[in-house]
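Read through the structure below, which is laid out as structure tokens, and then see the notes.
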Amino acid sequence: MTKYDFDTEIDRLHTHASKWSFVQDEEDALSQISTDIFSGEDRVLPMWVADMDFTCPQPVIDAIVSRAQHGIYGYTAITDSFYQSAVDWMKRRHNWDIEADWICTAPGVVPALKGAVRAFVKPGEKVLIQTPVYYPFFSTIENNGAQIATNPLIYENGHYRMDFADLEQKASDPLVKMIILCSPHNPIGRVWTREELQRLGEICLANDVLVASDELHGDLIFNNAVFTPYAALGQQFAQNSIICTAPSKTFNLAGLRASNIIIPNSELREAFAHTLDSGGLGSLNLFGTVALEAAYNHGEEWLDQLLDYIQGNFDFMCRYLAENIPQISVVPLEGTYLAWLDCRSLGLDKKALRKLMFEEARVYLDEGYIFGDGGEGFERINLACPRSIVRDAVQRIGKAVNQLNESQN
């Protein structure tokens, strides 16, 4: 067994890393501003965008190096072994039987979702999302001429659940043609139960609403939660779905731009593939194909160790906050490596909360309000980093909150 090291900090400066080289524009979360504030002893700790500060599984590195040493980087064909690696992964990891010809490739889940909106939603029609939710969903819908319809999640007693009564009402609107399901849900960390997914699916079937399920974080599951691929619910649900998967979050491969979009319905698949191809998004990066295959075939040992380490980061953070900053509570983490912090008891508006975290604590998080309705007063923190960074971050936040409390007394 290979023992992986997740404790050692790796310098990512000057490696074209968005996480360590940029901050988001306050007015536009999708715009980035280059800055040098991350360097030096008083560095800002970047714990915002969802990538890891860990090296990939060694078999992935070895496969990429071997392919690079070949020295010829011509046009790339997707081989049978590529598709089989994804088929085997879904069966082994999620007990989901898929067929190789269900898979369409795309250079990322967000480009795939944009393609799905273009293919199946006419300008002026509506797409449902469940806020607070991954903020690129908003531009994915609006930039393709569609309208956003929201089905806000209900937050009670530290737990999120779907509002099915509201979902039924919204889905009955004849202009609503699609829902983008976030499963597991980013940023709240929920892993939807089979029963929740089935209820959502029944509502969508009854109203002829297509389900595009973003399952990018489906391999990152904690606390005995059970992840159910939406299309694994049954044939009728599978035939009304587009399932977006990739190894990018699982194995930290986002920069290699390779994803698998699983579409059991042949008519939907053909229309989707045509739309992606017409936009020049049907092919993959050479090294992305090599990495995907190596990760699915040989990365499971690394992933199991990673999950244990991130669970340790989460437990450490929860203990520290409970003992030192009880004004900040943590929503239970079932999936993703992104924890959702409830900071509303601090009594700060969104700009003051950002100032506290970014300027006073010098910890760069994703502000809750950018995730839409229900997000203001929360912060999303990325725990896929060495524990020393998590420790430094919570200590900085604790110091900033103590200074805030002293100034208010």
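In the structure tokens, chains take the letters A, B, ... in the order shown, each chain's residues start at 1, and ligands count up from 1 in the order shown.
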Notebook entry, point to check: stretch 274-281 of chain A: which residues within 8 Å, counting only C-alpha atoms, same-chain residues fewer than 5 positions away excluded, as an MDAnalysis selection string?
Noted result: chainID A and resid 106:107 111:112 115:116 118:119
Selection near A:Leu153, 12 Å with only C-alpha atoms, sequence-local residues under 6 positions removed, as a PDB file with C-alpha atoms, in the first residue's frame:
```pdb
ATOM      1  CA  ILE A 129     -32.016  25.818  -9.616  1.00  0.00           C
ATOM      2  CA  GLN A 130     -32.054  25.186  -5.866  1.00  0.00           C
ATOM      3  CA  THR A 131     -30.419  28.077  -4.057  1.00  0.00           C
ATOM      4  CA  PRO A 132     -28.003  28.655  -2.449  1.00  0.00           C
ATOM      5  CA  VAL A 133     -26.135  26.872  -5.224  1.00  0.00           C
ATOM      6  CA  HIS A 159     -30.065  21.036   8.264  1.00  0.00           C
ATOM      7  CA  TYR A 160     -31.005  21.671   4.636  1.00  0.00           C
ATOM      8  CA  ARG A 161     -33.886  20.015   2.835  1.00  0.00           C
ATOM      9  CA  MET A 162     -35.716  20.476  -0.449  1.00  0.00           C
ATOM     10  CA  ASP A 163     -38.994  22.394  -0.576  1.00  0.00           C
ATOM     11  CA  PHE A 164     -41.064  19.945  -2.608  1.00  0.00           C
ATOM     12  CA  ALA A 165     -44.273  21.974  -2.394  1.00  0.00           C
ATOM     13  CA  ASP A 166     -42.508  24.942  -3.954  1.00  0.00           C
ATOM     14  CA  LEU A 167     -40.808  22.652  -6.484  1.00  0.00           C
ATOM     15  CA  LEU A 181     -29.690  19.429  -9.831  1.00  0.00           C
ATOM     16  CA  CYS A 182     -26.540  19.797  -7.734  1.00  0.00           C
ATOM     17  CA  HIS A 185     -25.025  19.927  -3.332  1.00  0.00           C
ATOM     18  CA  PRO A 187     -22.092  24.726  -1.281  1.00  0.00           C
ATOM     19  CA  ILE A 188     -24.194  23.207   1.516  1.00  0.00           C
ATOM     20  CA  ARG A 190     -25.798  17.732   1.376  1.00  0.00           C
ATOM     21  CA  PHE A 371     -24.519  31.484  -4.218  1.00  0.00           C
ATOM     22  CA  GLY A 372     -27.879  33.240  -4.401  1.00  0.00           C
ATOM     23  CA  ASP A 373     -30.945  33.313  -2.161  1.00  0.00           C
ATOM     24  CA  GLY A 374     -30.239  32.062   1.346  1.00  0.00           C
ATOM     25  CA  GLY A 375     -26.478  32.428   1.057  1.00  0.00           C
TER      26      GLY A 375
END
```
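Non-sequential neighbours of A:Glu334 (distance at most 8 Å, separation of 5 or more positions within a chain, only C-alpha atoms) are A:Gly189, A:Arg190, A:Val191, A:Ile221, A:Phe222, A:Asn223, A:Asn224, A:Ala225.
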Could you save those same residues with N, CA and C atoms as a PDB file, in the first residue's frame?
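That gives us part21.pdb:
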```pdb
ATOM      1  N   GLY A 189     -23.135  21.036   1.077  1.00  0.00           N
ATOM      2  CA  GLY A 189     -22.578  19.758   1.479  1.00  0.00           C
ATOM      3  C   GLY A 189     -23.576  18.641   1.706  1.00  0.00           C
ATOM      4  N   ARG A 190     -24.811  18.809   1.237  1.00  0.00           N
ATOM      5  CA  ARG A 190     -25.798  17.732   1.376  1.00  0.00           C
ATOM      6  C   ARG A 190     -25.579  16.658   0.309  1.00  0.00           C
ATOM      7  N   VAL A 191     -25.751  15.402   0.725  1.00  0.00           N
ATOM      8  CA  VAL A 191     -25.879  14.272  -0.192  1.00  0.00           C
ATOM      9  C   VAL A 191     -27.341  13.868  -0.155  1.00  0.00           C
ATOM     10  N   ILE A 221     -17.599  11.654  -0.483  1.00  0.00           N
ATOM     11  CA  ILE A 221     -18.719  11.404   0.420  1.00  0.00           C
ATOM     12  C   ILE A 221     -18.194  11.093   1.816  1.00  0.00           C
ATOM     13  N   PHE A 222     -18.853  11.658   2.845  1.00  0.00           N
ATOM     14  CA  PHE A 222     -18.391  11.556   4.225  1.00  0.00           C
ATOM     15  C   PHE A 222     -19.518  11.130   5.167  1.00  0.00           C
ATOM     16  N   ASN A 223     -19.109  10.790   6.379  1.00  0.00           N
ATOM     17  CA  ASN A 223     -20.046  10.564   7.493  1.00  0.00           C
ATOM     18  C   ASN A 223     -21.138   9.551   7.161  1.00  0.00           C
ATOM     19  N   ASN A 224     -20.744   8.478   6.482  1.00  0.00           N
ATOM     20  CA  ASN A 224     -21.653   7.368   6.174  1.00  0.00           C
ATOM     21  C   ASN A 224     -22.829   7.756   5.286  1.00  0.00           C
ATOM     22  N   ALA A 225     -22.734   8.916   4.637  1.00  0.00           N
ATOM     23  CA  ALA A 225     -23.759   9.268   3.650  1.00  0.00           C
ATOM     24  C   ALA A 225     -23.642   8.312   2.463  1.00  0.00           C
TER      25      ALA A 225
END
```
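Here the question is which of A:Leu253, A:Leu338, A:Ile261, A:Leu233 gets nearest to A:Leu292 using only C-alpha atoms, and that residue is A:Leu253.
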Mind the document's chain letters and residue numbers, and return as an NGL selection string the residues of stretch 186-393 of chain A that DSSP labels strand (DSSP E or B).
:A and (210-214 or 221 or 241-245 or 259-262 or 329-330 or 335 or 338-342 or 363-364 or 366-367 or 378-382)
Margin query: Quick check for you: according to DSSP on this backbone, which residues of stretch 104-149 of chain A are classed as helix (DSSP H, G or I)? Reply as a PyMOL selection string.
Written below: chain A and resi 109-120+136-142
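Comparing A:Ile370, A:Phe54, A:Val394, A:Leu286 by their smallest distance to A:Ile72, the closest is A:Leu286 (using only C-alpha atoms).
Residues in contact range of stretch 200-205 of chain A, defined as at most 9 Å between only C-alpha atoms, with sequence neighbours fewer than 5 positions away removed, read Met162, Phe164, Leu167, Glu168, Ala171, Ser172, Met178, Ile179, Glu195, Leu210, Val211, Tyr230, Leu233, Gln236, Phe237 and Asn240 of chain A.
Distances to A:Ala17 were evaluated for A:Leu365, A:Ala50, A:Leu306, A:Ala246 using only C-alpha atoms, and the minimum falls at A:Ala50.
Contact shell of A:Thr140 at 12 Å (only C-alpha atoms; same-chain neighbours under 2 positions omitted): A:Leu30, A:Val109, A:Val110, A:Pro111, A:Ala112, A:Leu113, A:Lys114, A:Gly115, A:Ala116, A:Val117, A:Arg118, A:Val121, A:Lys126, A:Val127, A:Leu128, A:Ile129, A:Tyr134, A:Tyr135, A:Pro136, A:Phe137, A:Phe138, A:Glu142, A:Asn143, A:Asn144, A:Gly145, A:Ala146, A:Gln147, A:Ile148, A:Ile180.
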Just the selected residues (N, CA and C atoms), exported as an mmCIF file, in the first residue's frame, please.
```cif
data_model
loop_
_atom_site.group_PDB
_atom_site.id
_atom_site.type_symbol
_atom_site.label_atom_id
_atom_site.label_comp_id
_atom_site.auth_asym_id
_atom_site.auth_seq_id
_atom_site.Cartn_x
_atom_site.Cartn_y
_atom_site.Cartn_z
ATOM 1 N N LEU A 30 -17.388 35.842 -11.257
ATOM 2 C CA LEU A 30 -16.745 35.102 -12.332
ATOM 3 C C LEU A 30 -15.560 35.853 -12.928
ATOM 4 N N VAL A 109 -17.610 20.109 -16.697
ATOM 5 C CA VAL A 109 -19.032 20.016 -16.390
ATOM 6 C C VAL A 109 -19.755 21.326 -16.691
ATOM 7 N N VAL A 110 -19.149 22.461 -16.384
ATOM 8 C CA VAL A 110 -19.811 23.735 -16.685
ATOM 9 C C VAL A 110 -20.023 23.907 -18.185
ATOM 10 N N PRO A 111 -19.021 23.658 -19.051
ATOM 11 C CA PRO A 111 -19.298 23.703 -20.490
ATOM 12 C C PRO A 111 -20.395 22.736 -20.902
ATOM 13 N N ALA A 112 -20.450 21.572 -20.255
ATOM 14 C CA ALA A 112 -21.495 20.606 -20.578
ATOM 15 C C ALA A 112 -22.874 21.124 -20.195
ATOM 16 N N LEU A 113 -22.977 21.756 -19.032
ATOM 17 C CA LEU A 113 -24.263 22.315 -18.616
ATOM 18 C C LEU A 113 -24.697 23.444 -19.544
ATOM 19 N N LYS A 114 -23.737 24.252 -19.977
ATOM 20 C CA LYS A 114 -24.069 25.298 -20.942
ATOM 21 C C LYS A 114 -24.577 24.686 -22.242
ATOM 22 N N GLY A 115 -23.947 23.590 -22.659
ATOM 23 C CA GLY A 115 -24.415 22.901 -23.855
ATOM 24 C C GLY A 115 -25.804 22.334 -23.678
ATOM 25 N N ALA A 116 -26.096 21.820 -22.487
ATOM 26 C CA ALA A 116 -27.423 21.262 -22.225
ATOM 27 C C ALA A 116 -28.493 22.341 -22.280
ATOM 28 N N VAL A 117 -28.198 23.510 -21.709
ATOM 29 C CA VAL A 117 -29.172 24.611 -21.761
ATOM 30 C C VAL A 117 -29.400 25.036 -23.208
ATOM 31 N N ARG A 118 -28.325 25.157 -23.980
ATOM 32 C CA ARG A 118 -28.474 25.542 -25.389
ATOM 33 C C ARG A 118 -29.277 24.508 -26.170
ATOM 34 N N VAL A 121 -33.258 24.176 -23.967
ATOM 35 C CA VAL A 121 -34.035 25.292 -23.427
ATOM 36 C C VAL A 121 -33.973 26.440 -24.415
ATOM 37 N N LYS A 126 -37.354 28.660 -19.042
ATOM 38 C CA LYS A 126 -36.793 28.738 -17.693
ATOM 39 C C LYS A 126 -36.065 27.455 -17.288
ATOM 40 N N VAL A 127 -35.068 27.655 -16.421
ATOM 41 C CA VAL A 127 -34.330 26.555 -15.810
ATOM 42 C C VAL A 127 -34.388 26.727 -14.300
ATOM 43 N N LEU A 128 -34.746 25.674 -13.613
ATOM 44 C CA LEU A 128 -34.826 25.698 -12.153
ATOM 45 C C LEU A 128 -33.467 25.414 -11.522
ATOM 46 N N ILE A 129 -33.165 26.126 -10.456
ATOM 47 C CA ILE A 129 -32.016 25.818 -9.616
ATOM 48 C C ILE A 129 -32.450 25.925 -8.160
ATOM 49 N N TYR A 134 -24.116 26.508 -6.481
ATOM 50 C CA TYR A 134 -22.894 26.814 -7.236
ATOM 51 C C TYR A 134 -23.152 27.957 -8.208
ATOM 52 N N TYR A 135 -22.448 29.070 -8.015
ATOM 53 C CA TYR A 135 -22.818 30.323 -8.686
ATOM 54 C C TYR A 135 -22.667 30.324 -10.206
ATOM 55 N N PRO A 136 -21.778 29.530 -10.840
ATOM 56 C CA PRO A 136 -21.766 29.527 -12.311
ATOM 57 C C PRO A 136 -23.066 29.044 -12.954
ATOM 58 N N PHE A 137 -23.942 28.405 -12.179
ATOM 59 C CA PHE A 137 -25.246 28.018 -12.739
ATOM 60 C C PHE A 137 -26.010 29.240 -13.245
ATOM 61 N N PHE A 138 -25.859 30.363 -12.552
ATOM 62 C CA PHE A 138 -26.626 31.558 -12.918
ATOM 63 C C PHE A 138 -26.249 32.032 -14.324
ATOM 64 N N GLU A 142 -28.440 32.283 -17.869
ATOM 65 C CA GLU A 142 -28.748 33.604 -18.435
ATOM 66 C C GLU A 142 -27.950 33.897 -19.705
ATOM 67 N N ASN A 143 -26.709 33.456 -19.771
ATOM 68 C CA ASN A 143 -25.902 33.732 -20.958
ATOM 69 C C ASN A 143 -26.379 32.964 -22.182
ATOM 70 N N ASN A 144 -27.248 32.007 -21.976
ATOM 71 C CA ASN A 144 -27.828 31.266 -23.090
ATOM 72 C C ASN A 144 -29.265 31.693 -23.377
ATOM 73 N N GLY A 145 -29.649 32.847 -22.828
ATOM 74 C CA GLY A 145 -30.943 33.429 -23.151
ATOM 75 C C GLY A 145 -32.113 32.888 -22.375
ATOM 76 N N ALA A 146 -31.866 32.005 -21.433
ATOM 77 C CA ALA A 146 -32.952 31.437 -20.629
ATOM 78 C C ALA A 146 -33.147 32.259 -19.351
ATOM 79 N N GLN A 147 -34.219 31.961 -18.642
ATOM 80 C CA GLN A 147 -34.523 32.639 -17.388
ATOM 81 C C GLN A 147 -34.272 31.695 -16.212
ATOM 82 N N ILE A 148 -33.896 32.278 -15.088
ATOM 83 C CA ILE A 148 -33.682 31.509 -13.865
ATOM 84 C C ILE A 148 -34.977 31.432 -13.069
ATOM 85 N N ILE A 180 -31.397 22.140 -13.041
ATOM 86 C CA ILE A 180 -30.016 21.743 -12.808
ATOM 87 C C ILE A 180 -29.930 21.311 -11.350
#
```
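For the choices A:Ala291, A:Thr336, A:Ser183, A:Thr150, the atom-to-atom distance to A:Lys170 is smallest for A:Thr150 when using only C-alpha atoms.
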